[in-house]
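Reproduced below: my_file29.pdb, with PDB, N, CA and C atoms.
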```
ATOM      1  N   MET A   1       0.820  -1.198   0.000
ATOM      2  CA  MET A   1       0.000   0.000   0.000
ATOM      3  C   MET A   1       0.863   1.260   0.000
ATOM      4  N   THR A   2       2.017   1.221   0.667
ATOM      5  CA  THR A   2       2.830   2.433   0.736
ATOM      6  C   THR A   2       3.435   2.782  -0.617
ATOM      7  N   CYS A   3       3.827   1.792  -1.406
ATOM      8  CA  CYS A   3       4.379   2.086  -2.739
ATOM      9  C   CYS A   3       3.347   2.803  -3.596
ATOM     10  N   CYS A   4       2.125   2.337  -3.556
ATOM     11  CA  CYS A   4       1.053   2.964  -4.337
ATOM     12  C   CYS A   4       0.848   4.405  -3.883
ATOM     13  N   LEU A   5       0.867   4.617  -2.595
ATOM     14  CA  LEU A   5       0.685   5.957  -2.044
ATOM     15  C   LEU A   5       1.854   6.859  -2.418
ATOM     16  N   VAL A   6       3.060   6.344  -2.331
ATOM     17  CA  VAL A   6       4.246   7.137  -2.669
ATOM     18  C   VAL A   6       4.243   7.491  -4.146
ATOM     19  N   ARG A   7       3.873   6.559  -4.991
ATOM     20  CA  ARG A   7       3.817   6.844  -6.436
ATOM     21  C   ARG A   7       2.800   7.935  -6.742
ATOM     22  N   ASP A   8       1.700   7.951  -6.011
ATOM     23  CA  ASP A   8       0.707   9.010  -6.208
ATOM     24  C   ASP A   8       1.222  10.363  -5.732
ATOM     25  N   LEU A   9       2.046  10.349  -4.686
ATOM     26  CA  LEU A   9       2.533  11.599  -4.103
ATOM     27  C   LEU A   9       3.843  12.094  -4.711
ATOM     28  N   LEU A  10       4.494  11.284  -5.551
ATOM     29  CA  LEU A  10       5.789  11.676  -6.114
ATOM     30  C   LEU A  10       5.767  13.011  -6.860
ATOM     31  N   PRO A  11       4.786  13.286  -7.715
ATOM     32  CA  PRO A  11       4.796  14.594  -8.387
ATOM     33  C   PRO A  11       4.759  15.760  -7.397
ATOM     34  N   LEU A  12       3.961  15.627  -6.346
ATOM     35  CA  LEU A  12       3.910  16.685  -5.336
ATOM     36  C   LEU A  12       5.237  16.779  -4.585
ATOM     37  N   TYR A  13       5.849  15.644  -4.311
ATOM     38  CA  TYR A  13       7.132  15.607  -3.609
ATOM     39  C   TYR A  13       8.219  16.280  -4.445
ATOM     40  N   ILE A  14       8.233  16.006  -5.732
ATOM     41  CA  ILE A  14       9.242  16.588  -6.622
ATOM     42  C   ILE A  14       9.069  18.097  -6.717
ATOM     43  N   GLU A  15       7.833  18.552  -6.764
ATOM     44  CA  GLU A  15       7.564  19.989  -6.851
ATOM     45  C   GLU A  15       7.729  20.699  -5.509
ATOM     46  N   GLY A  16       7.817  19.934  -4.435
ATOM     47  CA  GLY A  16       7.964  20.526  -3.108
ATOM     48  C   GLY A  16       6.660  21.014  -2.515
ATOM     49  N   ASP A  17       5.556  20.418  -2.938
ATOM     50  CA  ASP A  17       4.237  20.839  -2.476
ATOM     51  C   ASP A  17       3.685  19.971  -1.354
ATOM     52  N   CYS A  18       4.510  19.126  -0.761
ATOM     53  CA  CYS A  18       4.056  18.245   0.325
ATOM     54  C   CYS A  18       4.330  18.891   1.680
ATOM     55  N   GLU A  19       3.620  18.406   2.666
ATOM     56  CA  GLU A  19       3.897  18.789   4.047
ATOM     57  C   GLU A  19       5.241  18.193   4.464
ATOM     58  N   THR A  20       5.841  18.752   5.487
ATOM     59  CA  THR A  20       7.156  18.301   5.953
ATOM     60  C   THR A  20       7.130  16.843   6.387
ATOM     61  N   GLU A  21       6.099  16.456   7.093
ATOM     62  CA  GLU A  21       5.992  15.072   7.554
ATOM     63  C   GLU A  21       5.848  14.110   6.377
ATOM     64  N   THR A  22       5.083  14.514   5.371
ATOM     65  CA  THR A  22       4.907  13.682   4.176
ATOM     66  C   THR A  22       6.221  13.560   3.420
ATOM     67  N   GLU A  23       6.969  14.650   3.324
ATOM     68  CA  GLU A  23       8.270  14.610   2.650
ATOM     69  C   GLU A  23       9.216  13.640   3.348
ATOM     70  N   ARG A  24       9.239  13.669   4.669
ATOM     71  CA  ARG A  24      10.098  12.739   5.411
ATOM     72  C   ARG A  24       9.683  11.293   5.160
ATOM     73  N   PHE A  25       8.378  11.038   5.165
ATOM     74  CA  PHE A  25       7.873   9.689   4.913
ATOM     75  C   PHE A  25       8.292   9.207   3.529
ATOM     76  N   ILE A  26       8.122  10.077   2.527
ATOM     77  CA  ILE A  26       8.453   9.695   1.148
ATOM     78  C   ILE A  26       9.957   9.488   0.998
ATOM     79  N   SER A  27      10.762  10.370   1.566
ATOM     80  CA  SER A  27      12.218  10.220   1.425
ATOM     81  C   SER A  27      12.714   8.936   2.097
ATOM     82  N   ARG A  28      12.154   8.577   3.246
ATOM     83  CA  ARG A  28      12.529   7.304   3.888
ATOM     84  C   ARG A  28      12.127   6.126   3.012
ATOM     85  N   HIS A  29      10.942   6.213   2.413
ATOM     86  CA  HIS A  29      10.475   5.124   1.556
ATOM     87  C   HIS A  29      11.354   5.008   0.314
ATOM     88  N   LEU A  30      11.737   6.149  -0.268
ATOM     89  CA  LEU A  30      12.571   6.120  -1.474
ATOM     90  C   LEU A  30      13.936   5.500  -1.192
ATOM     91  N   GLU A  31      14.458   5.701  -0.001
ATOM     92  CA  GLU A  31      15.747   5.102   0.358
ATOM     93  C   GLU A  31      15.646   3.586   0.491
ATOM     94  N   SER A  32      14.486   3.119   0.941
ATOM     95  CA  SER A  32      14.343   1.680   1.188
ATOM     96  C   SER A  32      13.769   0.908   0.002
ATOM     97  N   CYS A  33      13.049   1.576  -0.887
ATOM     98  CA  CYS A  33      12.386   0.886  -2.006
ATOM     99  C   CYS A  33      13.096   1.235  -3.316
ATOM    100  N   GLY A  34      13.645   0.238  -3.961
ATOM    101  CA  GLY A  34      14.369   0.461  -5.212
ATOM    102  C   GLY A  34      13.471   0.869  -6.367
ATOM    103  N   LYS A  35      12.299   0.260  -6.467
ATOM    104  CA  LYS A  35      11.387   0.579  -7.574
ATOM    105  C   LYS A  35      10.921   2.030  -7.500
ATOM    106  N   CYS A  36      10.507   2.447  -6.317
ATOM    107  CA  CYS A  36      10.038   3.828  -6.163
ATOM    108  C   CYS A  36      11.195   4.808  -6.322
ATOM    109  N   GLY A  37      12.391   4.405  -5.868
ATOM    110  CA  GLY A  37      13.569   5.258  -6.032
ATOM    111  C   GLY A  37      13.912   5.470  -7.493
ATOM    112  N   SER A  38      13.854   4.406  -8.280
ATOM    113  CA  SER A  38      14.154   4.553  -9.713
ATOM    114  C   SER A  38      13.079   5.374 -10.416
ATOM    115  N   LEU A  39      11.831   5.205  -9.993
ATOM    116  CA  LEU A  39      10.752   6.020 -10.560
ATOM    117  C   LEU A  39      10.960   7.489 -10.219
ATOM    118  N   TYR A  40      11.388   7.755  -8.994
ATOM    119  CA  TYR A  40      11.663   9.128  -8.568
ATOM    120  C   TYR A  40      12.757   9.745  -9.432
ATOM    121  N   HIS A  41      13.856   9.025  -9.644
ATOM    122  CA  HIS A  41      14.959   9.553 -10.453
ATOM    123  C   HIS A  41      14.540   9.746 -11.906
ATOM    124  N   MET A  42      13.700   8.858 -12.402
ATOM    125  CA  MET A  42      13.209   9.001 -13.772
ATOM    126  C   MET A  42      12.323  10.244 -13.894
ATOM    127  N   MET A  43      11.500  10.493 -12.880
ATOM    128  CA  MET A  43      10.610  11.656 -12.925
ATOM    129  C   MET A  43      11.375  12.959 -12.713
ATOM    130  N   LYS A  44      12.515  12.900 -12.033
ATOM    131  CA  LYS A  44      13.322  14.097 -11.782
ATOM    132  C   LYS A  44      14.069  14.554 -13.021
ATOM    133  N   GLU A  45      14.375  13.625 -13.931
ATOM    134  CA  GLU A  45      15.136  13.973 -15.128
ATOM    135  C   GLU A  45      14.311  14.896 -16.011
ATOM    136  N   PRO A  46      14.954  15.934 -16.549
ATOM    137  CA  PRO A  46      14.217  16.817 -17.457
ATOM    138  C   PRO A  46      13.896  16.096 -18.764
ATOM    139  N   LEU A  47      12.760  16.422 -19.320
ATOM    140  CA  LEU A  47      12.351  15.821 -20.588
ATOM    141  C   LEU A  47      12.946  16.602 -21.742
ATOM    142  N   ASP A  48      13.361  15.904 -22.751
ATOM    143  CA  ASP A  48      13.849  16.545 -23.962
ATOM    144  C   ASP A  48      12.696  16.584 -24.950
ATOM    145  N   LEU A  49      12.032  17.734 -25.010
ATOM    146  CA  LEU A  49      10.872  17.852 -25.885
ATOM    147  C   LEU A  49      11.226  18.396 -27.260
ATOM    148  N   GLY A  50      12.480  18.750 -27.432
ATOM    149  CA  GLY A  50      12.894  19.263 -28.725
ATOM    150  C   GLY A  50      12.910  18.154 -29.753
ATOM    151  N   SER A  51      12.233  18.363 -30.830
ATOM    152  CA  SER A  51      12.216  17.360 -31.883
ATOM    153  C   SER A  51      12.942  17.928 -33.097
ATOM    154  N   PRO A  52      13.528  17.083 -33.889
ATOM    155  CA  PRO A  52      14.197  17.585 -35.085
ATOM    156  C   PRO A  52      13.179  18.234 -36.013
ATOM    157  N   GLU A  53      13.679  19.188 -36.769
ATOM    158  CA  GLU A  53      12.773  19.884 -37.681
ATOM    159  C   GLU A  53      12.191  18.901 -38.682
ATOM    160  N   MET A  54      10.902  19.043 -38.884
ATOM    161  CA  MET A  54      10.230  18.162 -39.829
ATOM    162  C   MET A  54      10.152  18.860 -41.177
ATOM    163  N   LYS A  55      10.367  18.109 -42.217
ATOM    164  CA  LYS A  55      10.239  18.660 -43.560
ATOM    165  C   LYS A  55       8.787  18.574 -43.992
ATOM    166  N   ALA A  56       8.382  19.555 -44.763
ATOM    167  CA  ALA A  56       7.027  19.554 -45.291
ATOM    168  C   ALA A  56       6.895  18.430 -46.315
ATOM    169  N   PRO A  57       5.699  17.902 -46.476
ATOM    170  CA  PRO A  57       5.501  16.868 -47.490
ATOM    171  C   PRO A  57       5.855  17.395 -48.878
ATOM    172  N   SER A  58       6.187  16.491 -49.767
ATOM    173  CA  SER A  58       6.628  16.898 -51.101
ATOM    174  C   SER A  58       5.543  17.641 -51.870
ATOM    175  N   CYS A  59       4.290  17.358 -51.589
ATOM    176  CA  CYS A  59       3.210  18.025 -52.312
ATOM    177  C   CYS A  59       2.868  19.386 -51.701
ATOM    178  N   TYR A  60       3.519  19.759 -50.593
ATOM    179  CA  TYR A  60       3.188  21.003 -49.906
ATOM    180  C   TYR A  60       3.477  22.221 -50.773
ATOM    181  N   ALA A  61       4.612  22.243 -51.464
ATOM    182  CA  ALA A  61       4.985  23.397 -52.279
ATOM    183  C   ALA A  61       3.956  23.631 -53.382
ATOM    184  N   GLU A  62       3.513  22.567 -54.020
ATOM    185  CA  GLU A  62       2.509  22.688 -55.083
ATOM    186  C   GLU A  62       1.185  23.182 -54.523
ATOM    187  N   GLU A  63       0.770  22.644 -53.375
ATOM    188  CA  GLU A  63      -0.486  23.083 -52.750
ATOM    189  C   GLU A  63      -0.405  24.548 -52.342
ATOM    190  N   GLU A  64       0.737  24.957 -51.797
ATOM    191  CA  GLU A  64       0.900  26.349 -51.387
ATOM    192  C   GLU A  64       0.838  27.280 -52.593
ATOM    193  N   ARG A  65       1.465  26.876 -53.689
ATOM    194  CA  ARG A  65       1.448  27.697 -54.903
ATOM    195  C   ARG A  65       0.026  27.841 -55.427
ATOM    196  N   ARG A  66      -0.732  26.733 -55.447
ATOM    197  CA  ARG A  66      -2.108  26.799 -55.933
ATOM    198  C   ARG A  66      -2.978  27.649 -55.021
ATOM    199  N   PHE A  67      -2.769  27.549 -53.715
ATOM    200  CA  PHE A  67      -3.536  28.353 -52.775
ATOM    201  C   PHE A  67      -3.267  29.838 -52.991
ATOM    202  N   LYS A  68      -1.984  30.189 -53.138
ATOM    203  CA  LYS A  68      -1.643  31.598 -53.338
ATOM    204  C   LYS A  68      -2.227  32.125 -54.639
ATOM    205  N   GLU A  69      -2.195  31.311 -55.696
ATOM    206  CA  GLU A  69      -2.781  31.745 -56.969
ATOM    207  C   GLU A  69      -4.269  32.020 -56.816
ATOM    208  N   ARG A  70      -4.978  31.109 -56.147
ATOM    209  CA  ARG A  70      -6.417  31.303 -55.961
ATOM    210  C   ARG A  70      -6.703  32.500 -55.063
ATOM    211  N   TYR A  71      -5.978  32.616 -53.950
ATOM    212  CA  TYR A  71      -6.238  33.679 -52.983
ATOM    213  C   TYR A  71      -5.934  35.044 -53.579
ATOM    214  N   TYR A  72      -4.716  35.195 -54.126
ATOM    215  CA  TYR A  72      -4.341  36.494 -54.666
ATOM    216  C   TYR A  72      -5.074  36.794 -55.962
ATOM    217  N   GLY A  73      -5.461  35.766 -56.703
ATOM    218  CA  GLY A  73      -6.257  35.993 -57.906
ATOM    219  C   GLY A  73      -7.616  36.575 -57.554
ATOM    220  N   LYS A  74      -8.275  35.999 -56.553
ATOM    221  CA  LYS A  74      -9.566  36.531 -56.107
ATOM    222  C   LYS A  74      -9.402  37.928 -55.531
ATOM    223  N   LEU A  75      -8.321  38.156 -54.809
ATOM    224  CA  LEU A  75      -8.070  39.468 -54.227
ATOM    225  C   LEU A  75      -7.867  40.507 -55.323
ATOM    226  N   LEU A  76      -7.156  40.143 -56.367
ATOM    227  CA  LEU A  76      -6.923  41.053 -57.483
ATOM    228  C   LEU A  76      -8.230  41.371 -58.203
ATOM    229  N   ILE A  77      -9.080  40.384 -58.396
ATOM    230  CA  ILE A  77     -10.376  40.611 -59.046
ATOM    231  C   ILE A  77     -11.238  41.540 -58.198
ATOM    232  N   LYS A  78     -11.257  41.325 -56.886
ATOM    233  CA  LYS A  78     -12.043  42.194 -56.002
ATOM    234  C   LYS A  78     -11.531  43.629 -56.044
ATOM    235  N   ALA A  79     -10.217  43.802 -56.034
ATOM    236  CA  ALA A  79      -9.640  45.145 -56.081
ATOM    237  C   ALA A  79      -9.979  45.829 -57.402
ATOM    238  N   ALA A  80      -9.927  45.091 -58.501
ATOM    239  CA  ALA A  80     -10.250  45.668 -59.806
ATOM    240  C   ALA A  80     -11.720  46.065 -59.872
ATOM    241  N   CYS A  81     -12.607  45.238 -59.333
ATOM    242  CA  CYS A  81     -14.036  45.571 -59.322
ATOM    243  C   CYS A  81     -14.303  46.804 -58.469
ATOM    244  N   LEU A  82     -13.662  46.902 -57.329
ATOM    245  CA  LEU A  82     -13.843  48.060 -56.461
ATOM    246  C   LEU A  82     -13.338  49.326 -57.144
ATOM    247  N   PHE A  83     -12.173  49.239 -57.767
ATOM    248  CA  PHE A  83     -11.634  50.388 -58.485
ATOM    249  C   PHE A  83     -12.575  50.804 -59.613
ATOM    250  N   GLY A  84     -13.084  49.820 -60.359
ATOM    251  CA  GLY A  84     -14.004  50.130 -61.457
ATOM    252  C   GLY A  84     -15.288  50.768 -60.953
ATOM    253  N   ALA A  85     -15.828  50.280 -59.848
ATOM    254  CA  ALA A  85     -17.060  50.848 -59.299
ATOM    255  C   ALA A  85     -16.837  52.282 -58.844
ATOM    256  N   VAL A  86     -15.738  52.545 -58.156
ATOM    257  CA  VAL A  86     -15.441  53.908 -57.701
ATOM    258  C   VAL A  86     -15.222  54.814 -58.903
ATOM    259  N   PHE A  87     -14.500  54.346 -59.896
ATOM    260  CA  PHE A  87     -14.259  55.146 -61.092
ATOM    261  C   PHE A  87     -15.574  55.465 -61.807
ATOM    262  N   PHE A  88     -16.455  54.465 -61.920
ATOM    263  CA  PHE A  88     -17.745  54.671 -62.577
ATOM    264  C   PHE A  88     -18.594  55.684 -61.810
ATOM    265  N   ILE A  89     -18.632  55.579 -60.495
ATOM    266  CA  ILE A  89     -19.417  56.520 -59.683
ATOM    267  C   ILE A  89     -18.866  57.928 -59.825
ATOM    268  N   MET A  90     -17.552  58.078 -59.804
ATOM    269  CA  MET A  90     -16.961  59.412 -59.971
ATOM    270  C   MET A  90     -17.259  59.966 -61.356
ATOM    271  N   LEU A  91     -17.247  59.121 -62.361
ATOM    272  CA  LEU A  91     -17.532  59.551 -63.726
ATOM    273  C   LEU A  91     -18.980  60.003 -63.848
ATOM    274  N   VAL A  92     -19.907  59.250 -63.259
ATOM    275  CA  VAL A  92     -21.327  59.604 -63.315
ATOM    276  C   VAL A  92     -21.581  60.896 -62.551
ATOM    277  N   LEU A  93     -20.992  61.058 -61.385
ATOM    278  CA  LEU A  93     -21.191  62.272 -60.592
ATOM    279  C   LEU A  93     -20.627  63.492 -61.303
ATOM    280  N   LYS A  94     -19.522  63.344 -62.004
ATOM    281  CA  LYS A  94     -18.932  64.467 -62.718
ATOM    282  C   LYS A  94     -19.807  64.871 -63.901
ATOM    283  N   LEU A  95     -20.438  63.901 -64.533
ATOM    284  CA  LEU A  95     -21.304  64.202 -65.664
ATOM    285  C   LEU A  95     -22.584  64.889 -65.217
ATOM    286  N   LEU A  96     -23.068  64.595 -64.011
ATOM    287  CA  LEU A  96     -24.297  65.193 -63.516
ATOM    288  C   LEU A  96     -24.093  66.630 -63.065
ATOM    289  N   ILE A  97     -22.891  67.020 -62.739
ATOM    290  CA  ILE A  97     -22.654  68.387 -62.248
ATOM    291  C   ILE A  97     -22.573  69.356 -63.363
TER
END
```
What is this structure when it is put down as structure tokens?
Amino acid sequence: MTCCLVRDLLPLYIEGDCETETERFISRHLESCGKCGSLYHMMKEPLDLGSPEMKAPSCYAEEERRFKERYYGKLLIKAACLFGAVFFIMLVLKLLI
């Protein structure tokens, strides 16, 4: 039962969030129990979360090019329509004056 309890309390013990009496109990148990001691040392080690850079899939460049063509093509059409509408309105207003 004590191993199960110590394993549950190990994260708190490592972070220093236990009461003093609990810390003493856990440290005595870690000295006497090899399994819990090895688990403690494993949990104390920093994790290496850095992963090597991943390359984009081979089809990514083609997909990106097609997306940019569609996006900027639509944007260019919208800008041209807006310019034409403003130009037409200015032309009509000038003719009415």
DSSP-assigned alpha helix (DSSP H) members of chain A, reported as a ChimeraX atom specification:
/A:2-15,20-32,34-44,60-96
Need to verify the contact set: range 39-47 of chain A, 8 Å, all atoms listed in the file, exclusion of same-chain residues closer than 6 positions in sequence. Can you return it as a ChimeraX atom specification?
/A:10-11,14,30,33
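Distances from A:Ala79, A:Cys18, A:Ala61, A:Cys4 to Cys36 in chain A were compared using only C-alpha atoms, and the smallest one belongs to A:Cys4.
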Work out how far apart CA of Tyr71 in chain A and CA of Cys59 in chain A are and give it in Å to one decimal.
18.3 Å
Grab the CA of Glu23 in chain A to CA of Gly37 in chain A distance for me, in Å with one decimal place.
13.8 Å
Interatomic distance (Å, one decimal) between CA of Ile26 in chain A and CA of Ser38 in chain A:
13.3 Å
